[in-house]
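K.L.:
One structure is given below, represented as structure tokens, and several questions about it will come after.
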Amino acid sequence: MDQEQQRPERGPLAGFTVGVTAARRADELGALLQRRGAVVVHGPALRIVPLADDGELLAATKEIIDRAPDVVVATTAIGFRGWVEAADGWGFGEPLLGRLRGVELLARGPKVKGAIRAAGLTEEWSPGSESMAEVLDRLLEEGVEGRRVAVQLHGEPLPGFVEALRAAGAEVLPVPVYRWMPPEDIGPVDRLLDAALTRGLDALTFTSAPAAASLLSRAEERGLLGELLDVLRHAVLPACVGPVTALPLEARGVATVQPERFRLGPLVQVLCQELPGRARALPIAGHRVEIRGHAVLVDGELKPVPPAGMSLLRVLSRRPGWVVARAELLRALPGAGRDEHAVETAMARLRTALGTPKLIQTVVKRGYRLALDPATDAKYADG
């Protein structure tokens with residue numbers, strides 16, 4: 001996916017900019033967001049080590065073939081399929097499948113079950129909840145002391161799962177399918193970080209815990225971690241596909257939003273609900289004006305606004321109806337220096353972009369104000 005892609009002008013996310021940190025399925029997530037009107041900025045926070053080049057996976061595969069485990073836990077369909085395909089490429093496909101036919105094979109959910117059966121194998125059991133916690137409960141109830149348990153990982157941490165098995169006496173063999181590494185080209189993720197820090201994003205999406213951890217790590221390397229955490233707590237909405245993905249953020253005190261079903265579609269639906277709900281809507285000069293991330297809805301019509309204009313509009317909307325001095329507006333313009341003429345230029349462009357000049361009134365020798373409808377003036381003046 002391109003670093004930045006344009007969006008259609010209609011949809012619940014029109015006027016908002018959403019950052020995507022994913023490496024795998026980034027195109028799919030970006031397309032879902034764009035179809036709902038968002039501008040998408042992509043900065044993959046990690047890369048996936050190709051299975052065929054992964055020495056750790058090869059070593060784990062050989063170990064399973066040489067010495068069969070008692071139990072194998074398959075956690076993801078794409079990971080299990082990739083493992084079998086990689087083993088086949090190394091010439092170990094049949095020996096691996098032969099070993100897996102003779103062990104207790106547990107599948108985390110229906111998709112993994114389908115991948116297992118497509119490989120000609122049969123799972124012994126799968127939880128209805130698709131929950132690793134239920135898999136762990138079953139193993140602990142069976143008793144794992146002295147048993148070898150192979151766990152197919154998929155880049156996601158499994159908090160407490162491996163530790164609990166080892167504490168109960170199991171020998172645990174991790175099978176690291178699709179290991180995550182930092183991106184080879186750090187430029188896109190740095191641009192994504194910069195966009196977040198300058199409030200150029202309205203939301204930042206995470207589809208894996210390693211991506212969240214990697215972004216935090218990169219911010220720390222640049223000396224920007226504290227600033228990023230503050231932005232994620234107060235300005236840019238962090239949206240995670242599920243609770244495991246959110247762990248690195250929530251460990252740093254960052255609250256996240258998550259869908260009830262841990263899938264990309266529901267993740268996008270959460271953003272469609274949350275972002276419009278956070279937008280400021282005001283009755284101004286007989287119009288309904290909704291201020292979004294990089295655009296304004298005037299009576300439901302999307303009006304793209306230049307960044308300088310959005311900066312001015314946000315300052316004016318903090319106290320709608322009140323006069324804001326040119327000096328204060330100048331401070332909101334990045335790189336404008338001390339020339340108040342820059343405010344007049346940006347204000348003229350803002351009025352042109354809005355298409356309704358009377359939304360913003362010039363107060364001679366004082367500054368500018370939003371032309372808040374009289375019926376609401378008292379309400380806002382008391383604030």
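Please note that chains go A, B, ... in the order of the structure tokens, that every chain numbers its residues from 1, and that ligands are numbered from 1 in the order shown.
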Write out as a PyMOL selection string each polymer residue whose atoms come within 10 Å of A:Leu192, counting only C-alpha atoms; drop sequence neighbours fewer than 2 positions from it.

P.N.:
chain A and resi 3-4+18-21+41-45+187-190+194-197+200-201+204+215

K.L.:
Run DSSP on the backbone and tell me which residues of stretch 144-355 of chain A come out as strand (DSSP E); list them as an mmCIF file with N, CA, C and O atoms, in the first residue's frame.

P.N.:
data_model
loop_
_atom_site.group_PDB
_atom_site.id
_atom_site.type_symbol
_atom_site.label_atom_id
_atom_site.label_comp_id
_atom_site.auth_asym_id
_atom_site.auth_seq_id
_atom_site.Cartn_x
_atom_site.Cartn_y
_atom_site.Cartn_z
ATOM 1 N N ARG A 148 5.584 -33.148 26.623
ATOM 2 C CA ARG A 148 6.127 -32.163 25.682
ATOM 3 C C ARG A 148 4.979 -31.516 24.920
ATOM 4 O O ARG A 148 4.195 -32.208 24.275
ATOM 5 N N VAL A 149 4.906 -30.196 24.986
ATOM 6 C CA VAL A 149 3.829 -29.459 24.328
ATOM 7 C C VAL A 149 4.453 -28.476 23.341
ATOM 8 O O VAL A 149 5.204 -27.580 23.727
ATOM 9 N N ALA A 150 4.155 -28.652 22.041
ATOM 10 C CA ALA A 150 4.610 -27.715 21.013
ATOM 11 C C ALA A 150 3.499 -26.703 20.769
ATOM 12 O O ALA A 150 2.332 -27.074 20.600
ATOM 13 N N VAL A 151 3.856 -25.422 20.764
ATOM 14 C CA VAL A 151 2.871 -24.348 20.583
ATOM 15 C C VAL A 151 3.257 -23.534 19.351
ATOM 16 O O VAL A 151 4.327 -22.915 19.309
ATOM 17 N N GLN A 152 2.393 -23.566 18.339
ATOM 18 C CA GLN A 152 2.628 -22.793 17.118
ATOM 19 C C GLN A 152 2.296 -21.328 17.397
ATOM 20 O O GLN A 152 1.155 -20.963 17.628
ATOM 21 N N LEU A 153 3.341 -20.515 17.426
ATOM 22 C CA LEU A 153 3.185 -19.087 17.667
ATOM 23 C C LEU A 153 2.954 -18.381 16.338
ATOM 24 O O LEU A 153 3.245 -18.917 15.279
ATOM 25 N N GLU A 171 7.247 -29.551 29.294
ATOM 26 C CA GLU A 171 8.355 -29.077 28.469
ATOM 27 C C GLU A 171 7.707 -28.423 27.247
ATOM 28 O O GLU A 171 7.010 -29.101 26.484
ATOM 29 N N VAL A 172 7.915 -27.125 27.075
ATOM 30 C CA VAL A 172 7.226 -26.378 26.017
ATOM 31 C C VAL A 172 8.204 -26.065 24.887
ATOM 32 O O VAL A 172 9.297 -25.544 25.125
ATOM 33 N N LEU A 173 7.790 -26.423 23.678
ATOM 34 C CA LEU A 173 8.577 -26.139 22.482
ATOM 35 C C LEU A 173 7.837 -25.092 21.641
ATOM 36 O O LEU A 173 6.834 -25.405 20.996
ATOM 37 N N PRO A 174 8.299 -23.835 21.635
ATOM 38 C CA PRO A 174 7.647 -22.826 20.790
ATOM 39 C C PRO A 174 7.992 -23.063 19.320
ATOM 40 O O PRO A 174 9.128 -23.386 18.980
ATOM 41 N N VAL A 175 6.988 -22.912 18.459
ATOM 42 C CA VAL A 175 7.187 -23.021 17.008
ATOM 43 C C VAL A 175 6.921 -21.629 16.433
ATOM 44 O O VAL A 175 5.769 -21.231 16.240
ATOM 45 N N PRO A 176 7.980 -20.842 16.163
ATOM 46 C CA PRO A 176 7.807 -19.415 15.843
ATOM 47 C C PRO A 176 7.466 -19.174 14.374
ATOM 48 O O PRO A 176 8.318 -18.837 13.561
ATOM 49 N N TRP A 180 8.347 -11.557 13.811
ATOM 50 C CA TRP A 180 8.347 -10.137 13.492
ATOM 51 C C TRP A 180 9.739 -9.559 13.709
ATOM 52 O O TRP A 180 10.417 -9.897 14.663
ATOM 53 N N MET A 181 10.135 -8.643 12.842
ATOM 54 C CA MET A 181 11.401 -7.923 12.974
ATOM 55 C C MET A 181 11.128 -6.442 12.692
ATOM 56 O O MET A 181 10.118 -6.097 12.083
ATOM 57 N N ALA A 203 -6.668 8.797 14.250
ATOM 58 C CA ALA A 203 -6.638 7.483 14.891
ATOM 59 C C ALA A 203 -5.426 6.724 14.385
ATOM 60 O O ALA A 203 -4.915 6.984 13.291
ATOM 61 N N LEU A 204 -4.976 5.779 15.198
ATOM 62 C CA LEU A 204 -3.850 4.924 14.840
ATOM 63 C C LEU A 204 -4.287 3.493 15.106
ATOM 64 O O LEU A 204 -4.738 3.163 16.203
ATOM 65 N N THR A 205 -4.197 2.641 14.078
ATOM 66 C CA THR A 205 -4.689 1.266 14.210
ATOM 67 C C THR A 205 -3.542 0.295 14.430
ATOM 68 O O THR A 205 -2.457 0.444 13.873
ATOM 69 N N PHE A 206 -3.833 -0.741 15.237
ATOM 70 C CA PHE A 206 -2.865 -1.792 15.533
ATOM 71 C C PHE A 206 -3.557 -3.142 15.357
ATOM 72 O O PHE A 206 -4.639 -3.356 15.910
ATOM 73 N N LEU A 237 -6.684 8.678 18.562
ATOM 74 C CA LEU A 237 -7.389 7.509 19.094
ATOM 75 C C LEU A 237 -6.648 6.219 18.737
ATOM 76 O O LEU A 237 -6.514 5.891 17.553
ATOM 77 N N PRO A 238 -6.161 5.447 19.730
ATOM 78 C CA PRO A 238 -5.536 4.154 19.420
ATOM 79 C C PRO A 238 -6.607 3.059 19.341
ATOM 80 O O PRO A 238 -7.359 2.847 20.291
ATOM 81 N N ALA A 239 -6.676 2.386 18.188
ATOM 82 C CA ALA A 239 -7.679 1.339 17.976
ATOM 83 C C ALA A 239 -6.965 0.021 17.730
ATOM 84 O O ALA A 239 -6.137 -0.083 16.823
ATOM 85 N N CYS A 240 -7.277 -0.978 18.548
ATOM 86 C CA CYS A 240 -6.613 -2.283 18.470
ATOM 87 C C CYS A 240 -7.618 -3.355 18.083
ATOM 88 O O CYS A 240 -8.786 -3.292 18.478
ATOM 89 N N ARG A 280 -16.403 17.834 16.757
ATOM 90 C CA ARG A 280 -17.125 18.965 17.325
ATOM 91 C C ARG A 280 -18.157 19.449 16.316
ATOM 92 O O ARG A 280 -17.814 19.784 15.177
ATOM 93 N N ALA A 281 -19.423 19.506 16.713
ATOM 94 C CA ALA A 281 -20.494 20.017 15.843
ATOM 95 C C ALA A 281 -21.073 21.277 16.467
ATOM 96 O O ALA A 281 -21.420 21.285 17.652
ATOM 97 N N LEU A 282 -21.188 22.349 15.668
ATOM 98 C CA LEU A 282 -21.655 23.638 16.177
ATOM 99 C C LEU A 282 -22.679 24.253 15.227
ATOM 100 O O LEU A 282 -22.556 24.101 14.003
ATOM 101 N N PRO A 283 -23.682 24.981 15.773
ATOM 102 C CA PRO A 283 -24.610 25.745 14.911
ATOM 103 C C PRO A 283 -24.022 27.130 14.641
ATOM 104 O O PRO A 283 -23.921 27.954 15.544
ATOM 105 N N ILE A 284 -23.586 27.370 13.408
ATOM 106 C CA ILE A 284 -22.893 28.618 13.089
ATOM 107 C C ILE A 284 -23.558 29.272 11.875
ATOM 108 O O ILE A 284 -23.694 28.638 10.820
ATOM 109 N N HIS A 287 -25.964 27.342 9.898
ATOM 110 C CA HIS A 287 -25.479 26.083 9.338
ATOM 111 C C HIS A 287 -25.026 25.150 10.465
ATOM 112 O O HIS A 287 -24.644 25.602 11.550
ATOM 113 N N ARG A 288 -25.073 23.852 10.162
ATOM 114 C CA ARG A 288 -24.490 22.886 11.097
ATOM 115 C C ARG A 288 -23.072 22.593 10.622
ATOM 116 O O ARG A 288 -22.856 22.092 9.519
ATOM 117 N N VAL A 289 -22.095 22.920 11.466
ATOM 118 C CA VAL A 289 -20.689 22.786 11.099
ATOM 119 C C VAL A 289 -20.051 21.738 12.006
ATOM 120 O O VAL A 289 -20.076 21.862 13.237
ATOM 121 N N GLU A 290 -19.497 20.700 11.384
ATOM 122 C CA GLU A 290 -18.832 19.630 12.136
ATOM 123 C C GLU A 290 -17.351 19.630 11.775
ATOM 124 O O GLU A 290 -16.983 19.482 10.610
ATOM 125 N N ILE A 291 -16.508 19.821 12.784
ATOM 126 C CA ILE A 291 -15.067 19.953 12.573
ATOM 127 C C ILE A 291 -14.416 18.584 12.733
ATOM 128 O O ILE A 291 -14.432 17.987 13.823
ATOM 129 N N ALA A 295 -10.899 18.116 7.550
ATOM 130 C CA ALA A 295 -11.998 18.655 6.743
ATOM 131 C C ALA A 295 -13.134 19.075 7.668
ATOM 132 O O ALA A 295 -13.131 18.796 8.868
ATOM 133 N N VAL A 296 -14.091 19.751 7.068
ATOM 134 C CA VAL A 296 -15.254 20.244 7.817
ATOM 135 C C VAL A 296 -16.510 19.832 7.062
ATOM 136 O O VAL A 296 -16.547 19.900 5.821
ATOM 137 N N LEU A 297 -17.501 19.378 7.784
ATOM 138 C CA LEU A 297 -18.811 19.114 7.192
ATOM 139 C C LEU A 297 -19.677 20.340 7.418
ATOM 140 O O LEU A 297 -19.921 20.735 8.564
ATOM 141 N N VAL A 298 -20.125 20.972 6.357
ATOM 142 C CA VAL A 298 -21.054 22.099 6.449
ATOM 143 C C VAL A 298 -22.392 21.622 5.906
ATOM 144 O O VAL A 298 -22.519 21.319 4.723
ATOM 145 N N GLU A 301 -22.067 18.490 3.936
ATOM 146 C CA GLU A 301 -21.208 18.481 2.747
ATOM 147 C C GLU A 301 -19.755 18.619 3.175
ATOM 148 O O GLU A 301 -19.393 19.536 3.924
ATOM 149 N N LEU A 302 -18.908 17.703 2.679
ATOM 150 C CA LEU A 302 -17.512 17.686 3.073
ATOM 151 C C LEU A 302 -16.741 18.823 2.405
ATOM 152 O O LEU A 302 -16.774 18.984 1.186
ATOM 153 N N LYS A 303 -16.016 19.591 3.212
ATOM 154 C CA LYS A 303 -15.201 20.701 2.721
ATOM 155 C C LYS A 303 -13.754 20.477 3.166
ATOM 156 O O LYS A 303 -13.405 20.725 4.323
ATOM 157 N N PRO A 304 -12.891 19.964 2.286
ATOM 158 C CA PRO A 304 -11.475 19.812 2.653
ATOM 159 C C PRO A 304 -10.868 21.172 2.984
ATOM 160 O O PRO A 304 -11.130 22.163 2.294
ATOM 161 N N VAL A 324 -11.143 35.772 19.150
ATOM 162 C CA VAL A 324 -9.782 35.283 19.363
ATOM 163 C C VAL A 324 -8.830 36.258 18.680
ATOM 164 O O VAL A 324 -8.986 36.561 17.485
ATOM 165 N N ALA A 325 -7.852 36.752 19.425
ATOM 166 C CA ALA A 325 -6.924 37.755 18.905
ATOM 167 C C ALA A 325 -6.021 37.154 17.826
ATOM 168 O O ALA A 325 -5.718 35.959 17.833
#

K.L.:
Could you work out how far atom CA of A:Gly300 lies from atom CA of A:Pro266, giving the answer in Å with one decimal?

P.N.:
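Separation between atom CA of A:Pro266 and atom CA of A:Gly300: 24.8 Å.
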
K.L.:
What's the 10 Å shell around stretch 96-100 of chain A, counting only C-alpha atoms, without same-chain residues fewer than 6 positions away, as a PyMOL selection string?

P.N.:
chain A and resi 61-62+64-72+83-84+87-88+116+119-123

K.L.:
Any idea what's packed within 7 Å of A:Val343, counting only C-alpha atoms, ignoring anything in its chain fewer than 5 positions away? Could you give it as a count of residues only?

P.N.:
3

K.L.:
I need the residues of stretch 3-80 of chain A that end up classed as alpha helix (DSSP H) by DSSP on the backbone, written out as a PyMOL selection string.

P.N.:
chain A and resi 26-35+55-66+77-80

K.L.:
Do a neighbour search on A:Gln269 at 10 Å with only C-alpha atoms, toss out local chain neighbours closer than 2 positions, and write the hits as a PyMOL selection string.

P.N.:
chain A and resi 12-13+32-33+36+258-259+264-267+271-274

K.L.:
Print the selection's residues with C-alpha atoms to a file, as a compact mmCIF listing (two decimals), in the first residue's frame.

P.N.:
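What follows is the written file result-v4.txt:
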# COMPACT_ATOMS: atom_id res chain seq x y z
CA PRO A 12 -18.62 7.95 8.06
CA LEU A 13 -14.84 8.46 8.10
CA LEU A 32 -11.82 -0.93 4.24
CA LEU A 33 -10.95 2.46 5.74
CA ARG A 36 -15.66 4.57 4.40
CA GLN A 258 -11.43 -2.55 20.49
CA PRO A 259 -14.21 -4.36 18.63
CA LEU A 264 -10.51 -6.12 10.65
CA GLY A 265 -14.12 -5.37 9.63
CA PRO A 266 -15.33 -4.83 13.21
CA LEU A 267 -12.18 -2.77 13.92
CA LEU A 271 -13.67 3.74 14.14
CA CYS A 272 -16.84 4.59 12.18
CA GLN A 273 -18.64 4.96 15.52
CA GLU A 274 -15.89 6.56 17.60

K.L.:
Give me the residues of stretch 246-351 of chain A that have any atom at most 12 Å from an atom of stretch 216-228 of chain A; for each, the nearest atom pair and the distance in Å, rounded to one decimal. Use only C-alpha atoms, sort by chain and number, and format it as JSON lines.

P.N.:
{"residue": "A:Leu247", "atom": "CA", "partner": "A:Leu216", "partner_atom": "CA", "distance": 11.9}
{"residue": "A:Pro248", "atom": "CA", "partner": "A:Leu216", "partner_atom": "CA", "distance": 8.3}
{"residue": "A:Leu249", "atom": "CA", "partner": "A:Leu216", "partner_atom": "CA", "distance": 8.2}
{"residue": "A:Glu250", "atom": "CA", "partner": "A:Leu216", "partner_atom": "CA", "distance": 11.7}
{"residue": "A:Ala251", "atom": "CA", "partner": "A:Leu216", "partner_atom": "CA", "distance": 11.3}
{"residue": "A:Arg252", "atom": "CA", "partner": "A:Leu216", "partner_atom": "CA", "distance": 9.5}
{"residue": "A:Gly253", "atom": "CA", "partner": "A:Gly226", "partner_atom": "CA", "distance": 11.3}
{"residue": "A:Val254", "atom": "CA", "partner": "A:Leu228", "partner_atom": "CA", "distance": 10.2}

K.L.:
Return the single residue from A:Pro182, A:Pro243, A:Pro334, A:Gly91 that is closest to A:Ile48, with distances computed using only C-alpha atoms.

P.N.:
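The answer is A:Pro182, which sits nearest to A:Ile48.
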
K.L.:
Could you jot down the atom CA of A:Gly82 to atom CA of A:Val177 separation for me, Å, one decimal place?

P.N.:
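We find that atom CA of A:Gly82 and atom CA of A:Val177 lie 7.5 Å from each other.
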
K.L.:
Here is a test: counting only C-alpha atoms, which residue of A:Val135, A:Ala38, A:Leu51, A:Ala308 is nearest to A:Tyr178?

P.N.:
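For A:Tyr178, the nearest of the given residues is A:Leu51.
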
K.L.:
With distances taken over only C-alpha atoms, which of A:Ala213, A:Leu46, A:Leu313, A:Ala332 is nearest to A:Ala22?

P.N.:
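Answer, going by the shortest atom-to-atom distance: A:Leu46.
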